[in-house]
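Inspection log for the structure reproduced underneath, given as structure tokens.
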Amino acid sequence: MYNTLMGIGLSLAGPKMLSKIQDQKVHVVHALPGRVRLKCSRWKNEKTAINLESVFRQIPLISKVEASPITGSLLLEFKIQSLTQEQFDQIVQQAVHTSVATYPELESDLMVILKNVINTIDNTMRKQSGGRVDIDALLSVVLIVNGILRMPTNPAFSSSLLYWAYTIISNKGSGRSRI
């Protein structure tokens with residue numbers, strides 16, 4: 001029963017959620033005969049800019065493409081002086097489709113925030129301890145202590161905690177890149 005209700009809820013809410021994801025609010029910054037600059041805040045990353053340029057270079061109607069990951073803009077110069085409304089709509093739809101197709105390749109905004117928070121905490125811990133403690137070391141100690149204390153009551157869970165501590169410690173010296 002619960003799965004049926006969940007499925008019905010998702011089938012009703014799914015299309016609305018998907019339309020929110022694809023709603024990119026593309027703005028025309030300026031347009032001149034044979035040239036248009038579009039802008040969208042969702043285009044402010046390197047992968048999306050590369051994909052936009054790649055896709056639009058293949059369109060015969062377009063003579064020049066420049067995408068800026070810094071401003072989130074897309075400059076298009078055309079081989080003709082004016083576009084029909086249908087052609088313009090197709091170009092905007094292609095830009096939106098291209099950027100939506102890039103989403104799986106992008107790091108989420110939340111992950112970027114979390115990495116920044118962890119790096120800030122890690123750097124603060126290192127400064128305050130004179131380089132004696134970092135977040136990996138502290139987490140390893142917490143995992144080891146919890147693993148040892150819980151061993152009598154839950155050996156399987158304790159083993160996993162000890163394994164995670166071992167993994168953190170082992171990877172620390174392997175030259176892995178920082179977050």
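Letters A, B, ... go to the chains of the structure tokens in the order shown; residues in each chain start at 1; ligands are counted from 1 in the same order.
The environment of A:Val29 within 9 Å, counting only C-alpha atoms and disregarding residues fewer than 2 places along the same chain, consists of His27, Ala31, Val36, Arg37, Leu38, Lys39 and Ser73 of chain A.
For the pair atom CA of A:Val133 and atom CA of A:Tyr166, the separation is 16.8 Å.
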(request) as a PyMOL selection string, list the residues of stretch 28-147 of chain A assigned to alpha helix (DSSP H) by DSSP on the backbone atoms of this structure. (result) chain A and resi 46-57+85-102+109-128+135-147
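Candidate residues A:Ser82, A:Asn123, A:Asn146, A:Ser63 were compared for distance to A:Tyr163, and the nearest is A:Asn146, using only C-alpha atoms.
Atom CA of A:Ile50 lies 21.5 Å from atom CA of A:Lys79.
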(message) Residues near stretch 95-109 of chain A, anyone? I mean within 9 Å using only C-alpha atoms, not counting same-chain ones fewer than 4 positions away, as an MDAnalysis selection string.
(response) chainID A and resid 21:24 26 42:43 45 47:49 51:52 55:56 74 90:91 113:114
Please, could you write that set of residues out with N, CA, C and O atoms as an mmCIF file, in the first residue's frame?
```cif
data_model
loop_
_atom_site.group_PDB
_atom_site.id
_atom_site.type_symbol
_atom_site.label_atom_id
_atom_site.label_comp_id
_atom_site.auth_asym_id
_atom_site.auth_seq_id
_atom_site.Cartn_x
_atom_site.Cartn_y
_atom_site.Cartn_z
ATOM 1 N N ILE A 21 13.633 21.831 -12.385
ATOM 2 C CA ILE A 21 15.049 21.610 -12.650
ATOM 3 C C ILE A 21 15.424 22.205 -13.995
ATOM 4 O O ILE A 21 16.470 22.810 -14.156
ATOM 5 N N GLN A 22 14.550 22.040 -14.995
ATOM 6 C CA GLN A 22 14.868 22.501 -16.330
ATOM 7 C C GLN A 22 14.566 23.982 -16.535
ATOM 8 O O GLN A 22 14.967 24.559 -17.528
ATOM 9 N N ASP A 23 13.864 24.617 -15.598
ATOM 10 C CA ASP A 23 13.567 26.039 -15.708
ATOM 11 C C ASP A 23 14.842 26.815 -15.442
ATOM 12 O O ASP A 23 15.297 26.903 -14.323
ATOM 13 N N GLN A 24 15.413 27.382 -16.500
ATOM 14 C CA GLN A 24 16.715 28.007 -16.366
ATOM 15 C C GLN A 24 16.691 29.520 -16.489
ATOM 16 O O GLN A 24 17.707 30.159 -16.318
ATOM 17 N N VAL A 26 16.528 31.855 -19.004
ATOM 18 C CA VAL A 26 17.495 32.380 -19.964
ATOM 19 C C VAL A 26 17.086 33.801 -20.326
ATOM 20 O O VAL A 26 15.927 34.059 -20.646
ATOM 21 N N ARG A 42 22.655 29.325 -14.418
ATOM 22 C CA ARG A 42 22.999 27.894 -14.377
ATOM 23 C C ARG A 42 24.154 27.546 -15.327
ATOM 24 O O ARG A 42 24.632 26.430 -15.339
ATOM 25 N N TRP A 43 24.594 28.494 -16.138
ATOM 26 C CA TRP A 43 25.675 28.248 -17.089
ATOM 27 C C TRP A 43 27.025 28.688 -16.537
ATOM 28 O O TRP A 43 28.015 28.707 -17.259
ATOM 29 N N ASN A 45 29.659 27.591 -15.118
ATOM 30 C CA ASN A 45 30.654 26.567 -14.807
ATOM 31 C C ASN A 45 31.336 26.128 -16.097
ATOM 32 O O ASN A 45 30.794 26.277 -17.188
ATOM 33 N N LYS A 47 32.249 23.149 -17.380
ATOM 34 C CA LYS A 47 31.723 22.031 -18.178
ATOM 35 C C LYS A 47 30.528 22.444 -19.037
ATOM 36 O O LYS A 47 30.427 22.064 -20.195
ATOM 37 N N THR A 48 29.639 23.232 -18.454
ATOM 38 C CA THR A 48 28.490 23.690 -19.227
ATOM 39 C C THR A 48 28.941 24.588 -20.372
ATOM 40 O O THR A 48 28.452 24.467 -21.499
ATOM 41 N N ALA A 49 29.886 25.484 -20.098
ATOM 42 C CA ALA A 49 30.390 26.383 -21.147
ATOM 43 C C ALA A 49 31.014 25.573 -22.289
ATOM 44 O O ALA A 49 30.756 25.844 -23.466
ATOM 45 N N ASN A 51 30.391 22.440 -23.120
ATOM 46 C CA ASN A 51 29.334 21.708 -23.826
ATOM 47 C C ASN A 51 28.498 22.632 -24.715
ATOM 48 O O ASN A 51 28.132 22.258 -25.832
ATOM 49 N N LEU A 52 28.187 23.821 -24.228
ATOM 50 C CA LEU A 52 27.428 24.774 -25.051
ATOM 51 C C LEU A 52 28.208 25.128 -26.315
ATOM 52 O O LEU A 52 27.655 25.117 -27.419
ATOM 53 N N VAL A 55 28.247 22.086 -28.785
ATOM 54 C CA VAL A 55 26.966 21.848 -29.470
ATOM 55 C C VAL A 55 26.682 22.934 -30.500
ATOM 56 O O VAL A 55 26.306 22.648 -31.638
ATOM 57 N N PHE A 56 26.876 24.188 -30.141
ATOM 58 C CA PHE A 56 26.524 25.279 -31.045
ATOM 59 C C PHE A 56 27.509 25.444 -32.199
ATOM 60 O O PHE A 56 27.155 26.011 -33.221
ATOM 61 N N LEU A 74 26.315 33.287 -23.201
ATOM 62 C CA LEU A 74 26.567 32.579 -24.451
ATOM 63 C C LEU A 74 26.398 33.577 -25.587
ATOM 64 O O LEU A 74 25.301 34.100 -25.806
ATOM 65 N N GLN A 90 14.184 27.641 -30.947
ATOM 66 C CA GLN A 90 14.943 26.396 -31.033
ATOM 67 C C GLN A 90 16.346 26.570 -30.456
ATOM 68 O O GLN A 90 16.862 25.666 -29.799
ATOM 69 N N ILE A 91 16.954 27.711 -30.680
ATOM 70 C CA ILE A 91 18.291 27.970 -30.155
ATOM 71 C C ILE A 91 18.255 28.018 -28.627
ATOM 72 O O ILE A 91 19.098 27.408 -27.953
ATOM 73 N N ILE A 113 29.712 23.561 -1.104
ATOM 74 C CA ILE A 113 29.599 24.206 0.206
ATOM 75 C C ILE A 113 30.183 23.314 1.295
ATOM 76 O O ILE A 113 30.951 23.771 2.147
ATOM 77 N N LEU A 114 29.826 22.026 1.259
ATOM 78 C CA LEU A 114 30.332 21.097 2.269
ATOM 79 C C LEU A 114 31.854 20.978 2.225
ATOM 80 O O LEU A 114 32.517 20.953 3.266
#
```
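Here the DSSP assignment of strand (DSSP E), based on backbone atoms, applies within chain A to His27, Val28, Val29, His30, Ala31, Leu32, Arg35, Val36, Arg37, Leu38, Lys39, Ile62, Ser63, Lys64, Val65, Glu66, Ala67, Ser68, Ser73, Leu74, Leu75, Leu76, Glu77 and Phe78 of chain A.
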Could you save the residues just selected, with N, CA and C atoms, as a JSON list (two decimals), in the first residue's frame?
```
[["chain", "number", "residue", "atom", "x", "y", "z"],
["A", 27, "HIS", "N", 18.04, 34.72, -20.26],
["A", 27, "HIS", "CA", 17.78, 36.13, -20.55],
["A", 27, "HIS", "C", 18.57, 36.54, -21.80],
["A", 28, "VAL", "N", 17.95, 37.39, -22.60],
["A", 28, "VAL", "CA", 18.66, 37.99, -23.72],
["A", 28, "VAL", "C", 19.33, 39.25, -23.18],
["A", 29, "VAL", "N", 20.66, 39.23, -23.15],
["A", 29, "VAL", "CA", 21.41, 40.39, -22.65],
["A", 29, "VAL", "C", 21.40, 41.49, -23.69],
["A", 30, "HIS", "N", 21.70, 41.11, -24.93],
["A", 30, "HIS", "CA", 21.58, 42.06, -26.04],
["A", 30, "HIS", "C", 21.45, 41.29, -27.35],
["A", 31, "ALA", "N", 20.86, 41.95, -28.31],
["A", 31, "ALA", "CA", 20.68, 41.35, -29.63],
["A", 31, "ALA", "C", 20.89, 42.42, -30.68],
["A", 32, "LEU", "N", 21.70, 42.09, -31.64],
["A", 32, "LEU", "CA", 21.95, 42.94, -32.81],
["A", 32, "LEU", "C", 21.70, 42.09, -34.04],
["A", 35, "ARG", "N", 23.56, 38.67, -34.33],
["A", 35, "ARG", "CA", 24.29, 38.42, -33.08],
["A", 35, "ARG", "C", 23.33, 38.49, -31.89],
["A", 36, "VAL", "N", 23.53, 37.57, -30.92],
["A", 36, "VAL", "CA", 22.74, 37.59, -29.69],
["A", 36, "VAL", "C", 23.60, 37.09, -28.54],
["A", 37, "ARG", "N", 23.41, 37.68, -27.36],
["A", 37, "ARG", "CA", 24.07, 37.20, -26.16],
["A", 37, "ARG", "C", 22.99, 36.78, -25.18],
["A", 38, "LEU", "N", 23.03, 35.50, -24.80],
["A", 38, "LEU", "CA", 22.10, 34.93, -23.83],
["A", 38, "LEU", "C", 22.84, 34.76, -22.51],
["A", 39, "LYS", "N", 22.08, 34.79, -21.41],
["A", 39, "LYS", "CA", 22.70, 34.65, -20.11],
["A", 39, "LYS", "C", 21.80, 33.82, -19.21],
["A", 62, "ILE", "N", 25.15, 29.00, -37.28],
["A", 62, "ILE", "CA", 25.97, 29.79, -36.37],
["A", 62, "ILE", "C", 27.41, 29.86, -36.87],
["A", 63, "SER", "N", 27.96, 31.08, -36.91],
["A", 63, "SER", "CA", 29.33, 31.27, -37.39],
["A", 63, "SER", "C", 30.34, 31.39, -36.25],
["A", 64, "LYS", "N", 29.91, 31.86, -35.07],
["A", 64, "LYS", "CA", 30.83, 32.05, -33.95],
["A", 64, "LYS", "C", 30.10, 31.77, -32.64],
["A", 65, "VAL", "N", 30.80, 31.10, -31.71],
["A", 65, "VAL", "CA", 30.23, 30.77, -30.40],
["A", 65, "VAL", "C", 31.27, 31.10, -29.32],
["A", 66, "GLU", "N", 30.83, 31.77, -28.28],
["A", 66, "GLU", "CA", 31.68, 32.00, -27.11],
["A", 66, "GLU", "C", 30.81, 31.84, -25.87],
["A", 67, "ALA", "N", 31.19, 30.91, -25.00],
["A", 67, "ALA", "CA", 30.48, 30.72, -23.74],
["A", 67, "ALA", "C", 31.42, 31.10, -22.60],
["A", 68, "SER", "N", 30.91, 31.86, -21.66],
["A", 68, "SER", "CA", 31.72, 32.29, -20.52],
["A", 68, "SER", "C", 31.25, 31.60, -19.24],
["A", 73, "SER", "N", 27.27, 33.51, -19.72],
["A", 73, "SER", "CA", 26.68, 34.02, -20.96],
["A", 73, "SER", "C", 27.12, 33.19, -22.16],
["A", 74, "LEU", "N", 26.31, 33.29, -23.20],
["A", 74, "LEU", "CA", 26.57, 32.58, -24.45],
["A", 74, "LEU", "C", 26.40, 33.58, -25.59],
["A", 75, "LEU", "N", 27.51, 33.87, -26.27],
["A", 75, "LEU", "CA", 27.48, 34.77, -27.41],
["A", 75, "LEU", "C", 27.39, 33.95, -28.68],
["A", 76, "LEU", "N", 26.40, 34.26, -29.51],
["A", 76, "LEU", "CA", 26.21, 33.56, -30.78],
["A", 76, "LEU", "C", 26.20, 34.58, -31.92],
["A", 77, "GLU", "N", 27.01, 34.32, -32.93],
["A", 77, "GLU", "CA", 26.97, 35.12, -34.15],
["A", 77, "GLU", "C", 26.48, 34.21, -35.25],
["A", 78, "PHE", "N", 25.56, 34.74, -36.06],
["A", 78, "PHE", "CA", 24.89, 33.94, -37.08],
["A", 78, "PHE", "C", 25.38, 34.29, -38.47]]
```
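Taking atom CA of A:Gln94 and atom CA of A:Pro60 as the two end points, the separation is 13.8 Å.
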